[in-house]
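Heads up, model.cif below (mmCIF, C-alpha atoms):
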data_run
loop_
_atom_site.label_atom_id
_atom_site.label_comp_id
_atom_site.auth_asym_id
_atom_site.auth_seq_id
_atom_site.Cartn_x
_atom_site.Cartn_y
_atom_site.Cartn_z
CA MET F 1 119.87 86.74 86.07
CA THR F 2 116.96 88.26 84.18
CA GLU F 3 117.34 91.98 84.83
CA GLN F 4 120.18 94.32 85.71
CA THR F 5 118.46 97.39 87.09
CA THR F 6 115.04 98.24 88.44
CA ARG F 7 113.62 101.65 89.35
CA LEU F 8 110.73 102.41 91.66
CA VAL F 9 109.20 105.80 92.48
CA LEU F 10 107.11 106.03 95.64
CA PRO F 11 104.98 108.70 97.30
CA SER F 12 106.15 109.79 100.75
CA HIS F 13 103.77 107.84 102.92
CA ILE F 14 104.82 105.13 105.34
CA GLU F 15 102.58 102.45 103.82
CA ALA F 16 104.82 102.54 100.73
CA VAL F 17 107.88 101.36 102.71
CA ALA F 18 106.64 97.77 102.52
CA ASP F 19 106.09 98.11 98.75
CA ALA F 20 109.68 99.28 98.28
CA ALA F 21 111.04 96.49 100.47
CA ALA F 22 109.05 93.81 98.63
CA ALA F 23 110.16 95.04 95.22
CA VAL F 24 113.83 95.19 96.23
CA ALA F 25 113.60 91.77 97.93
CA ASP F 26 112.34 90.18 94.70
CA PHE F 27 115.05 91.93 92.72
CA VAL F 28 118.00 91.01 94.95
CA LYS F 29 116.78 87.40 94.97
CA SER F 30 116.99 87.42 91.18
CA CYS F 31 120.56 88.74 91.53
CA GLY F 32 121.49 85.62 93.51
CA LEU F 33 121.84 87.10 96.99
CA ASN F 34 121.59 84.47 99.74
CA GLU F 35 118.87 84.55 102.38
CA GLN F 36 120.96 85.97 105.21
CA ALA F 37 122.36 88.78 103.08
CA ALA F 38 118.88 89.43 101.68
CA PHE F 39 117.55 89.91 105.23
CA GLY F 40 120.17 92.60 105.85
CA VAL F 41 119.35 94.32 102.58
CA ASP F 42 115.64 94.22 103.42
CA MET F 43 116.31 95.77 106.82
CA ALA F 44 118.54 98.48 105.32
CA VAL F 45 116.05 99.30 102.56
CA ARG F 46 113.18 99.67 105.01
CA GLU F 47 115.23 101.96 107.26
CA ALA F 48 116.57 104.00 104.33
CA VAL F 49 113.19 104.46 102.64
CA THR F 50 111.60 105.38 105.98
CA ASN F 51 114.34 107.98 106.58
CA ALA F 52 113.92 109.36 103.06
CA MET F 53 110.17 109.76 103.52
CA VAL F 54 110.09 110.94 107.13
CA HIS F 55 113.30 112.92 107.59
CA GLY F 56 114.10 113.74 103.96
CA ASN F 57 110.72 114.56 102.47
CA GLN F 58 109.07 115.33 105.84
CA GLU F 59 106.19 113.03 104.76
CA ASP F 60 105.17 115.57 102.12
CA GLU F 61 103.22 113.36 99.72
CA THR F 62 103.90 115.71 96.81
CA LYS F 63 107.54 114.65 97.13
CA SER F 64 108.66 111.23 96.02
CA VAL F 65 111.34 108.71 96.91
CA GLU F 66 113.18 106.91 94.13
CA VAL F 67 114.70 103.48 94.64
CA VAL F 68 117.12 102.19 91.99
CA SER F 69 118.51 98.66 92.44
CA SER F 70 121.26 97.17 90.31
CA CYS F 71 122.89 93.75 90.06
CA LEU F 72 126.65 94.18 89.88
CA GLU F 73 129.19 91.43 89.24
CA ASN F 74 129.52 90.33 92.86
CA ALA F 75 127.15 92.66 94.64
CA VAL F 76 123.86 94.50 94.62
CA GLU F 77 123.76 98.29 94.68
CA ILE F 78 120.76 100.25 95.88
CA GLU F 79 120.33 104.00 95.59
CA ILE F 80 117.56 105.74 97.49
CA SER F 81 116.88 109.38 96.67
CA ASP F 82 114.67 111.91 98.40
CA GLN F 83 113.74 115.51 97.61
CA GLY F 84 114.55 116.89 101.05
CA GLU F 85 116.92 119.48 102.41
CA GLY F 86 119.73 117.02 103.09
CA PHE F 87 121.46 116.06 106.30
CA ASP F 88 124.85 115.32 107.77
CA PRO F 89 125.09 111.59 108.62
CA THR F 90 128.02 112.30 110.93
CA SER F 91 125.67 114.36 113.11
CA VAL F 92 123.75 111.24 114.15
CA PRO F 93 125.04 110.09 117.55
CA ASP F 94 126.11 106.49 118.21
CA PRO F 95 122.96 104.77 119.54
CA THR F 96 125.05 102.11 121.32
CA ASP F 97 126.82 104.72 123.46
CA PRO F 98 125.59 104.33 127.07
CA ALA F 99 124.41 107.95 126.98
CA ASN F 100 122.12 107.15 124.05
CA ILE F 101 121.13 103.55 124.70
CA LEU F 102 117.68 104.46 126.05
CA LYS F 103 116.83 106.88 123.25
CA THR F 104 113.73 105.84 121.37
CA SER F 105 115.04 106.84 117.93
CA GLY F 106 118.30 107.20 116.03
CA ARG F 107 119.06 103.55 115.24
CA GLY F 108 118.11 103.48 111.56
CA ILE F 109 121.41 104.71 110.12
CA PHE F 110 123.34 102.53 112.55
CA LEU F 111 121.45 99.46 111.27
CA ILE F 112 121.97 100.45 107.63
CA ARG F 113 125.72 100.72 108.21
CA ASN F 114 125.70 97.43 110.06
CA PHE F 115 123.92 95.42 107.39
CA MET F 116 125.47 96.89 104.24
CA ASP F 117 129.10 96.73 103.07
CA GLU F 118 129.31 100.24 101.57
CA VAL F 119 127.15 103.20 102.58
CA GLU F 120 127.46 106.81 101.43
CA TRP F 121 125.22 109.83 101.23
CA PHE F 122 125.59 112.63 98.74
CA ALA F 123 123.69 115.81 97.97
CA ARG F 124 122.53 116.02 94.37
CA PRO F 125 123.26 119.29 92.49
CA GLU F 126 119.57 119.67 91.59
CA GLY F 127 118.55 119.20 95.26
CA GLY F 128 117.74 116.24 97.46
CA THR F 129 119.91 113.53 98.96
CA THR F 130 120.86 110.12 97.60
CA LEU F 131 121.94 107.21 99.76
CA ARG F 132 124.05 104.67 97.88
CA MET F 133 124.56 101.31 99.52
CA VAL F 134 126.17 98.08 98.38
CA LYS F 135 125.91 94.51 99.60
CA ARG F 136 128.57 92.15 98.32
CA PHE F 137 127.93 88.46 97.69
CA MET S 1 94.76 91.91 108.74
CA ALA S 2 96.37 93.85 111.58
CA GLU S 3 100.13 94.22 111.33
CA LEU S 4 100.53 93.21 114.98
CA LYS S 5 98.08 91.02 116.88
CA ILE S 6 98.33 91.21 120.68
CA LEU S 7 96.64 88.77 123.04
CA GLU S 8 96.62 89.58 126.76
CA ARG S 9 96.57 87.12 129.65
CA GLN S 10 97.38 87.20 133.36
CA ALA S 11 99.88 85.04 135.23
CA GLY S 12 99.35 86.19 138.82
CA ASP S 13 100.17 89.89 138.91
CA ILE S 14 102.15 89.66 135.68
CA THR S 15 100.48 90.52 132.40
CA VAL S 16 101.69 88.50 129.45
CA LEU S 17 101.26 89.97 125.97
CA ASP S 18 101.46 87.31 123.28
CA MET S 19 102.42 89.16 120.12
CA GLU S 20 102.18 88.01 116.55
CA GLY S 21 103.17 89.93 113.45
CA ARG S 22 105.52 92.82 112.82
CA ILE S 23 106.58 95.71 115.03
CA THR S 24 107.42 98.33 112.45
CA ILE S 25 106.89 102.04 111.93
CA GLY S 26 103.20 102.89 111.86
CA GLU S 27 100.55 100.40 112.88
CA GLY S 28 102.75 97.79 114.62
CA SER S 29 104.63 100.27 116.81
CA VAL S 30 101.43 102.13 117.66
CA ALA S 31 99.69 98.87 118.67
CA LEU S 32 102.50 98.02 121.11
CA ARG S 33 102.56 101.54 122.54
CA SER S 34 98.77 101.57 123.02
CA ALA S 35 98.75 98.17 124.72
CA VAL S 36 101.51 99.08 127.19
CA ARG S 37 100.09 102.53 127.97
CA ARG S 38 96.64 101.02 128.58
CA LEU S 39 98.06 98.41 130.98
CA LEU S 40 99.91 101.11 132.90
CA GLU S 41 96.69 103.14 133.18
CA GLU S 42 95.04 100.02 134.60
CA GLY S 43 97.82 99.72 137.16
CA LYS S 44 99.34 96.63 135.53
CA LYS S 45 103.04 97.38 135.84
CA ASN S 46 104.67 93.97 135.46
CA ILE S 47 104.62 93.06 131.79
CA LEU S 48 106.11 90.15 129.88
CA LEU S 49 106.25 90.55 126.11
CA ASN S 50 106.14 87.18 124.36
CA LEU S 51 107.85 87.89 121.05
CA ALA S 52 107.88 84.33 119.69
CA GLY S 53 105.43 85.31 116.95
CA VAL S 54 107.19 88.54 115.97
CA GLY S 55 108.92 87.84 112.69
CA TYR S 56 110.17 91.33 111.99
CA ILE S 57 111.02 94.50 113.87
CA ASP S 58 112.55 97.73 112.55
CA SER S 59 114.29 100.62 114.30
CA SER S 60 110.92 102.18 115.11
CA GLY S 61 109.81 98.93 116.75
CA ILE S 62 113.08 98.72 118.68
CA GLY S 63 112.49 102.31 119.78
CA GLU S 64 109.01 101.35 120.95
CA LEU S 65 110.43 98.50 123.06
CA VAL S 66 112.80 101.02 124.66
CA SER S 67 109.97 103.49 125.18
CA SER S 68 107.84 100.78 126.83
CA TYR S 69 110.75 99.76 129.05
CA THR S 70 111.29 103.38 130.16
CA ALA S 71 107.58 104.06 130.74
CA ILE S 72 107.14 100.90 132.81
CA ASN S 73 110.29 101.54 134.88
CA LYS S 74 109.09 105.08 135.55
CA GLU S 75 105.91 103.65 137.07
CA GLY S 76 107.93 101.29 139.26
CA GLY S 77 107.13 98.22 137.17
CA GLN S 78 109.18 95.74 135.18
CA LEU S 79 109.28 94.77 131.51
CA LYS S 80 110.79 91.48 130.41
CA LEU S 81 111.06 89.81 127.03
CA LEU S 82 110.29 86.20 126.18
CA SER S 83 111.20 83.95 123.24
CA LEU S 84 113.18 86.25 121.00
CA THR S 85 113.58 84.94 117.47
CA GLN S 86 117.18 84.61 116.33
CA LYS S 87 116.84 87.70 114.13
CA LEU S 88 115.45 89.80 116.96
CA GLN S 89 118.15 88.54 119.29
CA ASP S 90 120.76 89.53 116.70
CA LEU S 91 119.23 93.02 116.38
CA LEU S 92 119.19 93.56 120.13
CA THR S 93 122.78 92.32 120.32
CA ILE S 94 123.95 94.67 117.55
CA THR S 95 122.22 97.63 119.21
CA LYS S 96 123.56 96.55 122.64
CA LEU S 97 120.01 96.51 123.98
CA LEU S 98 120.39 92.97 125.30
CA THR S 99 122.40 94.67 128.05
CA VAL S 100 119.26 96.66 128.91
CA PHE S 101 116.43 94.15 128.52
CA ASP S 102 115.93 90.99 130.54
CA ALA S 103 115.22 88.29 127.95
CA TYR S 104 114.28 84.67 128.64
CA ASP S 105 113.80 81.53 126.60
CA THR S 106 111.04 80.01 128.73
CA GLU S 107 107.95 81.56 130.25
CA ALA S 108 108.57 79.82 133.59
CA ASP S 109 112.02 81.39 133.82
CA ALA S 110 110.72 84.80 132.87
CA LEU S 111 107.83 84.73 135.36
CA SER S 112 110.04 83.57 138.23
CA ASN S 113 112.40 86.50 137.70
CA PHE S 114 109.82 89.23 138.32
CA LYS S 115 110.37 90.73 141.77
#
Would you mind writing the structure in this file as structure tokens?
Amino acid sequence: MTEQTTRLVLPSHIEAVADAAAAVADFVKSCGLNEQAAFGVDMAVREAVTNAMVHGNQEDETKSVEVVSSCLENAVEIEISDQGEGFDPTSVPDPTDPANILKTSGRGIFLIRNFMDEVEWFARPEGGTTLRMVKRF
Amino acid sequence: MAELKILERQAGDITVLDMEGRITIGEGSVALRSAVRRLLEEGKKNILLNLAGVGYIDSSGIGELVSSYTAINKEGGQLKLLSLTQKLQDLLTITKLLTVFDAYDTEADALSNFK
């Protein structure tokens, strides 16, 4: 393991999602995550960064998204922070419910929860929301 | 290079879209939406999406598949999926969308199941 933590700051435009995903993918590989787990992390990071840019920062390019990845003893931890107004994750309906199955959006958070072992959102005192997620080895 | 390359061919009255690349938020999702909407405008309502070359899809891409399915059904047509990669199959299983979409492993099977 060559590094313990990496930090990336991105402008809020969709093209930067791939940059974030690539950087985190390289990092988690260096942490020793296997390929299957790395796929889940990649999926979760893309969904989380997209949410932070689109729903958090409302694609305002003057606002940034910060991605901090850390190698823990038996896990990787990723924190994604936006500068938005915040949201209540419990307000997002279950996309697998028959009433919602044909909705064209609303699956991002469901996928994040599915692929990661720990997921939590918290509002920062200075403003903005941070999503903390952990994938265990 | 385009994020999603789409090649169109006809098999009787069924239009097959051979797709290669990624269906993700932005260019890939827009390319799929544009292709399906154009076919519907041309009156081509039976569409088979060959996803063998699609290595990655995100929630936006999944949403676009659902949107295509709904738009085609609304016009009285049918959308079917062909050659899902294991990862895509897993995603559609997790999201319970395999209960919505008709998905086939072989083109012959898929084509014979259009009504």
**OP:** Considering only C-alpha atoms, extract the chain F residues located within 10 Å of chain S and return them as a list of chain:residue names.
**Re:**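 Here is what falls inside 10 Å: F:Ile14, F:Glu15, F:Val17, F:Ala18, F:Gln36, F:Phe39, F:Met43, F:Ala44, F:Arg46, F:Glu47, F:Thr50, F:Asp94, F:Pro95, F:Thr96, F:Asp97, F:Pro98, F:Ile101, F:Leu102, F:Lys103, F:Thr104, F:Ser105, F:Gly106, F:Arg107, F:Gly108, F:Ile109, F:Phe110, F:Leu111, F:Asn114.
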Would you write out those residues with C-alpha atoms, as an mmCIF file, in the coordinates of the input?
data_model
loop_
_atom_site.group_PDB
_atom_site.id
_atom_site.type_symbol
_atom_site.label_atom_id
_atom_site.label_comp_id
_atom_site.auth_asym_id
_atom_site.auth_seq_id
_atom_site.Cartn_x
_atom_site.Cartn_y
_atom_site.Cartn_z
ATOM 1 C CA ILE F 14 104.820 105.130 105.340
ATOM 2 C CA GLU F 15 102.580 102.450 103.820
ATOM 3 C CA VAL F 17 107.880 101.360 102.710
ATOM 4 C CA ALA F 18 106.640 97.770 102.520
ATOM 5 C CA GLN F 36 120.960 85.970 105.210
ATOM 6 C CA PHE F 39 117.550 89.910 105.230
ATOM 7 C CA MET F 43 116.310 95.770 106.820
ATOM 8 C CA ALA F 44 118.540 98.480 105.320
ATOM 9 C CA ARG F 46 113.180 99.670 105.010
ATOM 10 C CA GLU F 47 115.230 101.960 107.260
ATOM 11 C CA THR F 50 111.600 105.380 105.980
ATOM 12 C CA ASP F 94 126.110 106.490 118.210
ATOM 13 C CA PRO F 95 122.960 104.770 119.540
ATOM 14 C CA THR F 96 125.050 102.110 121.320
ATOM 15 C CA ASP F 97 126.820 104.720 123.460
ATOM 16 C CA PRO F 98 125.590 104.330 127.070
ATOM 17 C CA ILE F 101 121.130 103.550 124.700
ATOM 18 C CA LEU F 102 117.680 104.460 126.050
ATOM 19 C CA LYS F 103 116.830 106.880 123.250
ATOM 20 C CA THR F 104 113.730 105.840 121.370
ATOM 21 C CA SER F 105 115.040 106.840 117.930
ATOM 22 C CA GLY F 106 118.300 107.200 116.030
ATOM 23 C CA ARG F 107 119.060 103.550 115.240
ATOM 24 C CA GLY F 108 118.110 103.480 111.560
ATOM 25 C CA ILE F 109 121.410 104.710 110.120
ATOM 26 C CA PHE F 110 123.340 102.530 112.550
ATOM 27 C CA LEU F 111 121.450 99.460 111.270
ATOM 28 C CA ASN F 114 125.700 97.430 110.060
#
_I'd like the neighbourhood of Thr129 of chain F as a list in words, where a residue qualifies if any of its atoms comes within 6 Å (using only C-alpha atoms), though same-chain residues fewer than 3 positions away should be ignored._
Ser81, Asp82, Gly86, Phe122, Ala123 and Arg124 of chain F
message = If I take atom CA of Ile72 of chain S and atom CA of Ala108 of chain S, how far is one from the other in Å, to one decimal?
response =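 Between atom CA of Ile72 of chain S and atom CA of Ala108 of chain S the gap is 21.1 Å.
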| query | So how many Å separate atom CA of Lys74 of chain S and atom CA of Val92 of chain F, to one decimal? | reply |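 A separation of 26.7 Å between them.
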Let me have the centre and edge lengths in Å, one decimal, of the box along x, y and z around every listed atom of segment 95-106 of chain S with 6 Å of margin on each side, as JSON.
{"center_x": 117.3, "center_y": 88.8, "center_z": 124.9, "size_x": 24.5, "size_y": 29.6, "size_z": 23.3}
note - atom CA of Asn74 of chain F and atom CA of Thr5 of chain F are separated by 14.3 Å
Give me the result of the PyMOL selection byres ((chain S and resi 110) around 10) on this file, residue by residue, as a PDB file with C-alpha atoms, keeping the file's coordinate frame.
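expr_31.pdb, written as the output of this step:
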ATOM      1  CA  LEU S  48     106.110  90.150 129.880  1.00  0.00           C
ATOM      2  CA  LEU S  49     106.250  90.550 126.110  1.00  0.00           C
ATOM      3  CA  ASN S  50     106.140  87.180 124.360  1.00  0.00           C
ATOM      4  CA  LYS S  80     110.790  91.480 130.410  1.00  0.00           C
ATOM      5  CA  LEU S  81     111.060  89.810 127.030  1.00  0.00           C
ATOM      6  CA  LEU S  82     110.290  86.200 126.180  1.00  0.00           C
ATOM      7  CA  SER S  83     111.200  83.950 123.240  1.00  0.00           C
ATOM      8  CA  ASP S 102     115.930  90.990 130.540  1.00  0.00           C
ATOM      9  CA  ALA S 103     115.220  88.290 127.950  1.00  0.00           C
ATOM     10  CA  TYR S 104     114.280  84.670 128.640  1.00  0.00           C
ATOM     11  CA  ASP S 105     113.800  81.530 126.600  1.00  0.00           C
ATOM     12  CA  THR S 106     111.040  80.010 128.730  1.00  0.00           C
ATOM     13  CA  GLU S 107     107.950  81.560 130.250  1.00  0.00           C
ATOM     14  CA  ALA S 108     108.570  79.820 133.590  1.00  0.00           C
ATOM     15  CA  ASP S 109     112.020  81.390 133.820  1.00  0.00           C
ATOM     16  CA  LEU S 111     107.830  84.730 135.360  1.00  0.00           C
ATOM     17  CA  SER S 112     110.040  83.570 138.230  1.00  0.00           C
ATOM     18  CA  ASN S 113     112.400  86.500 137.700  1.00  0.00           C
ATOM     19  CA  PHE S 114     109.820  89.230 138.320  1.00  0.00           C
TER      20      PHE S 114
END
